[in-house]
>>> print(open('query-v8.tsv').read())   # TSV, C-alpha atoms and all ligand atoms
chain	number	residue	atom	x	y	z
A	1017	MET	CA	-204.91	154.73	22.91
A	1018	ARG	CA	-206.80	153.18	25.81
A	1019	ILE	CA	-205.29	150.13	27.57
A	1020	ASP	CA	-207.04	148.02	30.22
A	1021	VAL	CA	-205.48	145.12	32.11
A	1022	VAL	CA	-207.40	142.51	34.14
A	1023	THR	CA	-205.24	140.61	36.66
A	1024	ILE	CA	-205.25	139.09	40.15
A	1025	PHE	CA	-202.03	141.07	40.85
A	1026	PRO	CA	-202.83	144.73	40.04
A	1027	GLU	CA	-199.69	145.86	41.93
A	1028	TYR	CA	-197.57	143.91	39.42
A	1029	LEU	CA	-198.63	146.43	36.77
A	1030	ALA	CA	-197.36	149.46	38.74
A	1031	PRO	CA	-194.41	149.94	36.30
A	1032	LEU	CA	-196.99	150.96	33.65
A	1033	ARG	CA	-197.14	154.30	35.46
A	1034	ALA	CA	-193.35	154.78	35.65
A	1035	ALA	CA	-190.80	156.35	33.32
A	1036	LEU	CA	-191.69	156.45	29.61
A	1037	LEU	CA	-195.19	155.02	30.05
A	1038	GLY	CA	-195.93	157.32	33.00
A	1039	LYS	CA	-194.95	160.33	30.85
A	1040	ALA	CA	-197.21	159.07	28.02
A	1041	ILE	CA	-200.13	158.86	30.50
A	1042	GLU	CA	-199.40	162.39	31.80
A	1043	ARG	CA	-199.32	163.69	28.23
A	1044	GLU	CA	-202.60	161.80	27.54
A	1045	LYS	CA	-201.10	159.74	24.68
A	1046	ILE	CA	-202.37	156.62	26.48
A	1047	SER	CA	-204.83	156.01	29.31
A	1048	VAL	CA	-204.37	152.90	31.46
A	1049	GLY	CA	-206.90	151.04	33.62
A	1050	VAL	CA	-205.81	148.14	35.86
A	1051	HIS	CA	-208.62	145.95	37.24
A	1052	ASP	CA	-208.53	143.33	40.01
A	1053	LEU	CA	-210.16	140.12	38.73
A	1054	ARG	CA	-211.30	139.31	42.29
A	1055	ASP	CA	-213.71	142.27	42.13
A	1056	TRP	CA	-215.89	139.97	40.00
A	1057	THR	CA	-215.94	137.01	42.44
A	1058	HIS	CA	-219.11	136.29	44.45
A	1059	ASP	CA	-217.94	133.75	47.09
A	1060	VAL	CA	-216.39	134.52	50.48
A	1061	HIS	CA	-213.04	133.05	49.42
A	1062	ARG	CA	-212.95	135.24	46.27
A	1063	ALA	CA	-211.93	132.11	44.33
A	1064	VAL	CA	-210.68	132.63	40.79
A	1065	ASP	CA	-209.45	129.10	40.03
A	1066	ASP	CA	-210.53	125.46	40.27
A	1067	SER	CA	-209.08	122.02	39.46
A	1068	PRO	CA	-208.86	120.98	35.81
A	1069	TYR	CA	-211.41	118.66	34.16
A	1070	GLY	CA	-209.59	115.49	33.11
A	1071	GLY	CA	-207.14	115.78	35.99
A	1072	GLY	CA	-203.53	116.89	36.03
A	1073	PRO	CA	-201.41	119.40	37.95
A	1074	GLY	CA	-202.23	123.01	38.66
A	1075	MET	CA	-205.42	125.02	38.57
A	1076	VAL	CA	-207.54	126.58	35.83
A	1077	MET	CA	-209.07	130.06	36.07
A	1078	LYS	CA	-212.86	129.96	36.35
A	1079	PRO	CA	-214.99	131.02	33.36
A	1080	ASP	CA	-217.79	132.67	35.36
A	1081	VAL	CA	-215.47	135.20	37.04
A	1082	TRP	CA	-213.58	135.99	33.82
A	1083	GLY	CA	-216.81	136.20	31.85
A	1084	GLU	CA	-218.31	138.90	34.08
A	1085	ALA	CA	-215.01	140.80	34.25
A	1086	LEU	CA	-214.63	140.90	30.46
A	1087	ASP	CA	-218.33	141.76	29.95
A	1088	GLU	CA	-217.87	144.83	32.12
A	1089	VAL	CA	-214.39	145.95	31.03
A	1090	CYS	CA	-214.85	145.24	27.29
A	1091	GLY	CA	-218.42	146.52	27.24
A	1092	SER	CA	-217.59	149.98	28.56
A	1093	GLY	CA	-216.79	151.62	25.19
A	1094	PRO	CA	-218.59	152.47	21.94
A	1095	GLN	CA	-216.84	149.63	20.02
A	1096	PRO	CA	-215.39	146.47	21.56
A	1097	PRO	CA	-211.59	146.42	22.11
A	1098	ARG	CA	-209.01	144.01	20.74
A	1099	LEU	CA	-208.65	141.42	23.54
A	1100	ILE	CA	-205.13	140.12	24.14
A	1101	VAL	CA	-204.60	136.91	26.13
A	1102	PRO	CA	-200.91	136.39	27.05
A	1103	THR	CA	-200.03	132.68	27.17
A	1104	PRO	CA	-196.92	130.62	26.43
A	1105	ALA	CA	-199.22	128.64	24.08
A	1106	GLY	CA	-199.95	131.73	21.96
A	1107	ARG	CA	-198.74	132.92	18.56
A	1108	PRO	CA	-195.43	134.79	18.77
A	1109	PHE	CA	-195.59	138.51	19.65
A	1110	THR	CA	-193.14	140.35	17.35
A	1111	GLN	CA	-192.35	143.91	16.28
A	1112	ARG	CA	-194.92	143.42	13.49
A	1113	THR	CA	-197.57	142.67	16.13
A	1114	ALA	CA	-196.57	145.81	18.04
A	1115	VAL	CA	-196.85	147.96	14.88
A	1116	ARG	CA	-200.26	146.45	14.05
A	1117	TRP	CA	-201.65	146.98	17.59
A	1118	SER	CA	-200.29	150.55	17.72
A	1119	ALA	CA	-203.05	151.53	15.24
A	1120	GLU	CA	-205.83	150.26	17.56
A	1121	PRO	CA	-207.87	152.66	19.72
A	1122	TRP	CA	-208.33	150.18	22.58
A	1123	LEU	CA	-206.50	147.07	23.84
A	1124	VAL	CA	-207.59	144.89	26.78
A	1125	PHE	CA	-205.09	142.42	28.30
A	1126	ALA	CA	-206.51	139.40	30.20
A	1127	CYS	CA	-203.70	138.11	32.44
A	1128	GLY	CA	-204.04	134.47	33.40
A	1129	ARG	CA	-202.08	132.70	36.10
A	1130	TYR	CA	-201.80	129.03	37.08
A	1131	GLU	CA	-202.38	126.71	34.14
A	1132	GLY	CA	-204.39	129.27	32.20
A	1133	ILE	CA	-207.98	130.43	31.72
A	1134	ASP	CA	-210.90	128.11	30.86
A	1135	GLN	CA	-210.76	128.06	27.03
A	1136	ARG	CA	-214.47	128.85	26.73
A	1137	VAL	CA	-213.78	132.39	27.98
A	1138	VAL	CA	-211.49	133.04	25.00
A	1139	ASP	CA	-213.76	131.25	22.51
A	1140	GLU	CA	-216.89	133.10	23.64
A	1141	ALA	CA	-215.12	136.51	23.67
A	1142	ALA	CA	-213.95	135.80	20.10
A	1143	SER	CA	-217.59	135.64	18.99
A	1144	ARG	CA	-217.98	139.30	20.00
A	1145	MET	CA	-214.55	140.94	19.49
A	1146	PRO	CA	-211.12	140.34	17.94
A	1147	VAL	CA	-209.09	138.10	20.29
A	1148	GLU	CA	-205.42	137.10	20.09
A	1149	GLU	CA	-203.60	134.58	22.28
A	1150	VAL	CA	-199.93	135.59	22.15
A	1151	SER	CA	-196.58	134.50	23.64
A	1152	ILE	CA	-193.53	136.75	24.12
A	1153	GLY	CA	-190.98	133.93	23.70
A	1154	ASP	CA	-190.12	130.29	24.14
A	1155	TYR	CA	-189.92	130.14	27.93
A	1156	VAL	CA	-192.57	129.92	30.64
A	1157	LEU	CA	-193.50	132.79	32.97
A	1158	VAL	CA	-195.69	132.40	36.06
A	1159	GLY	CA	-198.42	134.58	34.56
A	1160	GLY	CA	-199.29	137.06	31.85
A	1161	GLU	CA	-198.44	140.21	33.85
A	1162	VAL	CA	-194.77	140.60	32.88
A	1163	ALA	CA	-195.61	139.67	29.28
A	1164	THR	CA	-198.26	142.42	29.33
A	1165	LEU	CA	-195.73	144.99	30.57
A	1166	THR	CA	-193.41	143.96	27.76
A	1167	MET	CA	-196.07	144.21	25.06
A	1168	VAL	CA	-197.56	147.50	26.31
A	1169	GLU	CA	-194.09	149.08	26.31
A	1170	ALA	CA	-193.36	147.82	22.78
A	1171	VAL	CA	-196.68	149.25	21.52
A	1172	ALA	CA	-196.65	152.54	23.46
A	1173	ARG	CA	-193.22	153.63	22.25
A	1174	LEU	CA	-194.54	153.50	18.66
A	1175	LEU	CA	-197.35	156.01	19.35
A	1176	PRO	CA	-196.88	159.57	18.11
A	1177	GLY	CA	-195.57	161.84	20.86
A	1178	VAL	CA	-194.49	159.04	23.25
A	1179	LEU	CA	-190.82	158.82	22.26
A	1180	GLY	CA	-188.80	162.03	22.48
A	1181	ASN	CA	-187.25	161.37	19.08
A	1182	PRO	CA	-189.62	159.78	16.49
A	1183	ALA	CA	-186.64	158.74	14.30
A	1184	SER	CA	-185.50	156.26	16.97
A	1185	ALA	CA	-188.64	154.12	16.41
A	1186	GLU	CA	-187.96	154.05	12.64
A	1187	GLN	CA	-184.30	153.03	13.03
A	1188	ASP	CA	-184.89	150.20	15.50
A	1189	SER	CA	-183.51	146.74	15.30
A	1190	PHE	CA	-186.14	144.83	13.24
A	1191	SER	CA	-187.53	147.84	11.34
A	1192	ASP	CA	-185.32	146.71	8.40
A	1193	GLY	CA	-185.35	143.05	9.47
A	1194	LEU	CA	-181.77	143.20	10.84
A	1195	LEU	CA	-180.26	143.60	14.32
A	1196	GLU	CA	-178.74	147.03	14.98
A	1197	GLY	CA	-174.94	147.21	15.04
A	1198	PRO	CA	-172.81	148.76	17.83
A	1199	SER	CA	-173.00	152.41	18.97
A	1200	TYR	CA	-170.33	154.72	20.44
A	1201	THR	CA	-170.13	158.10	22.18
A	1202	ARG	CA	-167.37	160.23	23.75
A	1203	PRO	CA	-164.56	159.88	24.73
A	1204	GLU	CA	-162.77	159.08	21.48
A	1205	VAL	CA	-160.47	156.62	23.29
A	1206	TRP	CA	-161.65	154.78	26.43
A	1207	ARG	CA	-159.44	152.28	28.29
A	1208	GLU	CA	-157.18	152.19	25.22
A	1209	ARG	CA	-160.14	151.36	22.96
A	1210	PRO	CA	-160.70	153.87	20.14
A	1211	VAL	CA	-164.02	154.58	18.45
A	1212	PRO	CA	-163.94	153.13	14.87
A	1213	ASP	CA	-162.26	155.73	12.57
A	1214	VAL	CA	-165.03	155.72	9.98
A	1215	LEU	CA	-167.56	157.12	12.51
A	1216	ARG	CA	-165.35	160.22	12.95
A	1217	SER	CA	-164.62	160.61	9.22
A	1218	GLY	CA	-167.61	162.82	8.37
A	1219	ASN	CA	-168.13	160.64	5.26
A	1220	HIS	CA	-171.87	159.95	5.56
A	1221	ALA	CA	-172.01	157.36	2.75
A	1222	ALA	CA	-169.08	155.44	4.28
A	1223	ILE	CA	-170.72	155.61	7.74
A	1224	ALA	CA	-174.04	154.29	6.36
A	1225	ARG	CA	-172.23	151.44	4.53
A	1226	TRP	CA	-170.22	150.57	7.68
A	1227	ARG	CA	-173.34	150.52	9.86
A	1228	ARG	CA	-175.16	148.34	7.35
A	1229	ASP	CA	-172.21	145.89	7.30
A	1230	ARG	CA	-172.08	145.72	11.11
A	1231	ALA	CA	-175.85	145.05	11.18
A	1232	LEU	CA	-175.52	142.28	8.56
A	1233	ASP	CA	-172.53	140.78	10.36
A	1234	ARG	CA	-174.22	140.80	13.77
A	1235	THR	CA	-177.45	139.36	12.38
A	1236	TYR	CA	-175.55	136.58	10.60
A	1237	ARG	CA	-173.71	135.61	13.81
A	1238	ARG	CA	-176.51	136.01	16.35
A	1239	ARG	CA	-179.77	135.53	14.44
A	1240	PRO	CA	-179.19	133.67	11.15
A	1241	ASP	CA	-182.92	132.82	11.21
A	1242	LEU	CA	-183.69	136.52	10.58
A	1243	LEU	CA	-181.48	136.62	7.44
A	1244	GLU	CA	-183.22	133.54	6.04
A	1245	ARG	CA	-186.63	135.18	6.42
A	1246	LEU	CA	-185.57	138.47	4.78
A	1247	PRO	CA	-187.32	139.15	1.43
A	1248	ALA	CA	-184.86	139.09	-1.54
A	1249	GLU	CA	-185.32	142.81	-2.25
A	1250	ALA	CA	-184.25	143.71	1.31
A	1251	LEU	CA	-180.59	143.05	0.38
A	1252	ASP	CA	-178.74	145.18	-2.22
A	1253	LYS	CA	-175.68	144.15	-4.33
A	1254	LYS	CA	-173.16	145.40	-1.76
A	1255	ASP	CA	-175.03	143.59	1.06
A	1256	ARG	CA	-174.78	140.35	-0.92
A	1257	ALA	CA	-171.04	140.82	-1.44
A	1258	ARG	CA	-170.48	140.55	2.33
A	1301	LIG	CL1	-197.49	135.69	27.17
A	1301	LIG	N1	-197.35	134.20	29.36
A	1301	LIG	C1	-196.75	133.32	30.15
A	1301	LIG	N2	-197.32	132.95	31.30
A	1301	LIG	N3	-195.57	132.77	29.88
A	1301	LIG	C2	-195.01	133.16	28.74
A	1301	LIG	C3	-195.58	134.07	27.87
A	1301	LIG	C4	-196.78	134.58	28.21
A	1301	LIG	N4	-194.78	134.24	26.82
A	1301	LIG	C5	-193.75	133.46	27.04
A	1301	LIG	N5	-193.87	132.79	28.19
>>> encode(input="query-v8.tsv", output="structure tokens")
Amino acid sequence: MRIDVVTIFPEYLAPLRAALLGKAIEREKISVGVHDLRDWTHDVHRAVDDSPYGGGPGMVMKPDVWGEALDEVCGSGPQPPRLIVPTPAGRPFTQRTAVRWSAEPWLVFACGRYEGIDQRVVDEAASRMPVEEVSIGDYVLVGGEVATLTMVEAVARLLPGVLGNPASAEQDSFSDGLLEGPSYTRPEVWRERPVPDVLRSGNHAAIARWRRDRALDRTYRRRPDLLERLPAEALDKKDRAR
């Protein structure tokens, strides 16, 4: 998968080359390009923003600069990419979104700052390529950079050969619509707290049932909204008895 990011703070994206994502780049599972939006300015001040039509606080990112940047970055391949615009006003980014994007050959992230990007940039791009405005949660960040890091990590770990153990992507929280329950490792007793007996029983059916119950219990307490959205067939008879 190819990933390009356009931003006025390229150094903010440095973590893309660290740890898991850095390894994925080394192994050529993903290739990452980070582009400075100011490279497409023409004035001496390298201005990327201007005051909003209609008045109000903050600044809006200029369409001419973004237009040229996206023409060049998105026009550099055989097919256009999927263009992602992180914004708190976007549709929610979820694990489903990550799974869907993980099948794409090329994603471009357009990171806005200030009060956002002139809407015509998004509307015009959408006439030439698939575009999604997405939010990572109900809070406001200063810009799209940290949201981009979050989304790239969520997508990259789903790609074949990126995670050490492919089973860990399949057993995630959310893959069955529930939160994952607690995990334990050695020692058997730590600060007078024992590991639950069932996990040391060797009874695989009992362990699976216990884990399922802990997942149901945790989801009910922390995220009842997830249980309500679960399709009826996702719960078996024993689940319902809890
Ligand atoms: Cl994607 N961008 C910004 N600036 N703030 C956010 C967000 C995105 N998602 C939640 N808050």
>>> axis_aligned_box(input="query-v8.tsv", around="ligand LIG 1301 (chain A)", padding_each_side="4 Å", output="lines of an AutoDock Vina configuration file")
center_x = -195.6
center_y = 134.2
center_z = 29.1
size_x = 11.7
size_y = 10.9
size_z = 12.5
>>> residues_around(input="query-v8.tsv", residues="A:Val1076", least_positions_apart="2", cutoff="10 Å", atoms="all atoms listed in the file", output="VMD selection string")
chain A and resid 1064 to 1069 1073 to 1074 1078 to 1079 1128 to 1135
>>> write_last_selection(input="query-v8.tsv", atoms="C-alpha atoms", output="JSON list (two decimals), in the frame of the given file")
[["chain", "number", "residue", "atom", "x", "y", "z"],
["A", 1064, "VAL", "CA", -210.68, 132.63, 40.79],
["A", 1065, "ASP", "CA", -209.45, 129.10, 40.03],
["A", 1066, "ASP", "CA", -210.53, 125.46, 40.27],
["A", 1067, "SER", "CA", -209.08, 122.02, 39.46],
["A", 1068, "PRO", "CA", -208.86, 120.98, 35.81],
["A", 1069, "TYR", "CA", -211.41, 118.66, 34.16],
["A", 1073, "PRO", "CA", -201.41, 119.40, 37.95],
["A", 1074, "GLY", "CA", -202.23, 123.01, 38.66],
["A", 1078, "LYS", "CA", -212.86, 129.96, 36.35],
["A", 1079, "PRO", "CA", -214.99, 131.02, 33.36],
["A", 1128, "GLY", "CA", -204.04, 134.47, 33.40],
["A", 1129, "ARG", "CA", -202.08, 132.70, 36.10],
["A", 1130, "TYR", "CA", -201.80, 129.03, 37.08],
["A", 1131, "GLU", "CA", -202.38, 126.71, 34.14],
["A", 1132, "GLY", "CA", -204.39, 129.27, 32.20],
["A", 1133, "ILE", "CA", -207.98, 130.43, 31.72],
["A", 1134, "ASP", "CA", -210.90, 128.11, 30.86],
["A", 1135, "GLN", "CA", -210.76, 128.06, 27.03]]
>>> closest_residue(input="query-v8.tsv", among="A:Lys1254, A:His1051, A:Arg1207, A:Arg1018", to="A:Gly1093", atoms="only C-alpha atoms")
A:Arg1018
>>> closest_residue(input="query-v8.tsv", among="A:Glu1148, A:Asp1080, A:Glu1196, A:Glu1169", to="ligand LIG 1301 (chain A)", atoms="all atoms listed in the file")
A:Glu1148
>>> closest_residue(input="query-v8.tsv", among="A:Gly1153, A:Pro1240, A:Pro1026, A:Pro1247", to="A:Pro1104", atoms="only C-alpha atoms")
A:Gly1153
>>> residues_near_ligand(input="query-v8.tsv", ligand="ligand LIG 1301 (chain A)", cutoff="10 Å", atoms="all atoms listed in the file", output="VMD selection string")
chain A and resid 1100 to 1109 1127 to 1132 1149 to 1164 1166 to 1167
>>> residues_around(input="query-v8.tsv", residues="A:Ala1085", least_positions_apart="6", cutoff="9 Å", atoms="all atoms listed in the file", output="list of chain:residue names")
A:Val1022, A:His1051, A:Leu1053, A:Arg1054, A:Asp1055, A:Trp1056
>>> residues_around(input="query-v8.tsv", residues="stretch 1182-1188 of chain A", least_positions_apart="4", cutoff="12 Å", atoms="only C-alpha atoms", output="NGL selection string")
:A and (1111 or 1114-1115 or 1170-1178 or 1192-1197 or 1227-1228 or 1231)
>>> write_last_selection(input="query-v8.tsv", atoms="C-alpha atoms", output="short mmCIF file (atom, residue, chain, number, x, y, z; two decimals), in the coordinates of the input")
data_model
loop_
_atom_site.label_atom_id
_atom_site.label_comp_id
_atom_site.auth_asym_id
_atom_site.auth_seq_id
_atom_site.Cartn_x
_atom_site.Cartn_y
_atom_site.Cartn_z
CA GLN A 1111 -192.35 143.91 16.28
CA ALA A 1114 -196.57 145.81 18.04
CA VAL A 1115 -196.85 147.96 14.88
CA ALA A 1170 -193.36 147.82 22.78
CA VAL A 1171 -196.68 149.25 21.52
CA ALA A 1172 -196.65 152.54 23.46
CA ARG A 1173 -193.22 153.63 22.25
CA LEU A 1174 -194.54 153.50 18.66
CA LEU A 1175 -197.35 156.01 19.35
CA PRO A 1176 -196.88 159.57 18.11
CA GLY A 1177 -195.57 161.84 20.86
CA VAL A 1178 -194.49 159.04 23.25
CA ASP A 1192 -185.32 146.71 8.40
CA GLY A 1193 -185.35 143.05 9.47
CA LEU A 1194 -181.77 143.20 10.84
CA LEU A 1195 -180.26 143.60 14.32
CA GLU A 1196 -178.74 147.03 14.98
CA GLY A 1197 -174.94 147.21 15.04
CA ARG A 1227 -173.34 150.52 9.86
CA ARG A 1228 -175.16 148.34 7.35
CA ALA A 1231 -175.85 145.05 11.18
#
>>> atom_distance(input="query-v8.tsv", atom1="atom CA of A:Leu1179", atom2="atom CA of A:Val1050")
22.9 Å
>>> residues_around(input="query-v8.tsv", residues="A:Leu1215", least_positions_apart="6", cutoff="10 Å", atoms="all atoms listed in the file", output="PyMOL selection string")
chain A and resi 1199-1200+1222-1224+1226-1227
>>> write_last_selection(input="query-v8.tsv", atoms="C-alpha atoms", output="PDB file, keeping the file's coordinate frame")
ATOM      1  CA  SER A1199    -173.000 152.410  18.970  1.00  0.00           C
ATOM      2  CA  TYR A1200    -170.330 154.720  20.440  1.00  0.00           C
ATOM      3  CA  ALA A1222    -169.080 155.440   4.280  1.00  0.00           C
ATOM      4  CA  ILE A1223    -170.720 155.610   7.740  1.00  0.00           C
ATOM      5  CA  ALA A1224    -174.040 154.290   6.360  1.00  0.00           C
ATOM      6  CA  TRP A1226    -170.220 150.570   7.680  1.00  0.00           C
ATOM      7  CA  ARG A1227    -173.340 150.520   9.860  1.00  0.00           C
TER       8      ARG A1227
END
>>> atom_distance(input="query-v8.tsv", atom1="atom CA of A:Ser1047", atom2="atom CA of A:Val1168")
11.6 Å
>>> atom_distance(input="query-v8.tsv", atom1="atom CA of A:Pro1203", atom2="atom CA of A:Asn1219")
19.8 Å
>>> decode(input="query-v8.tsv", residues="stretch 1112-1130 of chain A", atoms="C-alpha atoms", output="mmCIF file, in the first residue's frame")
data_model
loop_
_atom_site.group_PDB
_atom_site.id
_atom_site.type_symbol
_atom_site.label_atom_id
_atom_site.label_comp_id
_atom_site.auth_asym_id
_atom_site.auth_seq_id
_atom_site.Cartn_x
_atom_site.Cartn_y
_atom_site.Cartn_z
ATOM 1 C CA ARG A 1112 -14.865 -1.107 9.702
ATOM 2 C CA THR A 1113 -13.353 1.924 7.951
ATOM 3 C CA ALA A 1114 -9.851 0.611 8.680
ATOM 4 C CA VAL A 1115 -10.715 -2.824 7.231
ATOM 5 C CA ARG A 1116 -12.250 -1.235 4.119
ATOM 6 C CA TRP A 1117 -9.250 1.076 3.502
ATOM 7 C CA SER A 1118 -6.779 -1.788 4.075
ATOM 8 C CA ALA A 1119 -7.869 -3.200 0.676
ATOM 9 C CA GLU A 1120 -6.932 0.034 -1.171
ATOM 10 C CA PRO A 1121 -3.667 0.354 -3.116
ATOM 11 C CA TRP A 1122 -3.224 4.063 -2.378
ATOM 12 C CA LEU A 1123 -4.451 6.492 0.310
ATOM 13 C CA VAL A 1124 -3.723 10.240 0.407
ATOM 14 C CA PHE A 1125 -4.351 12.183 3.650
ATOM 15 C CA ALA A 1126 -4.950 15.959 3.374
ATOM 16 C CA CYS A 1127 -4.248 17.429 6.836
ATOM 17 C CA GLY A 1128 -5.992 20.713 7.496
ATOM 18 C CA ARG A 1129 -5.253 23.076 10.353
ATOM 19 C CA TYR A 1130 -7.021 26.202 11.613
#
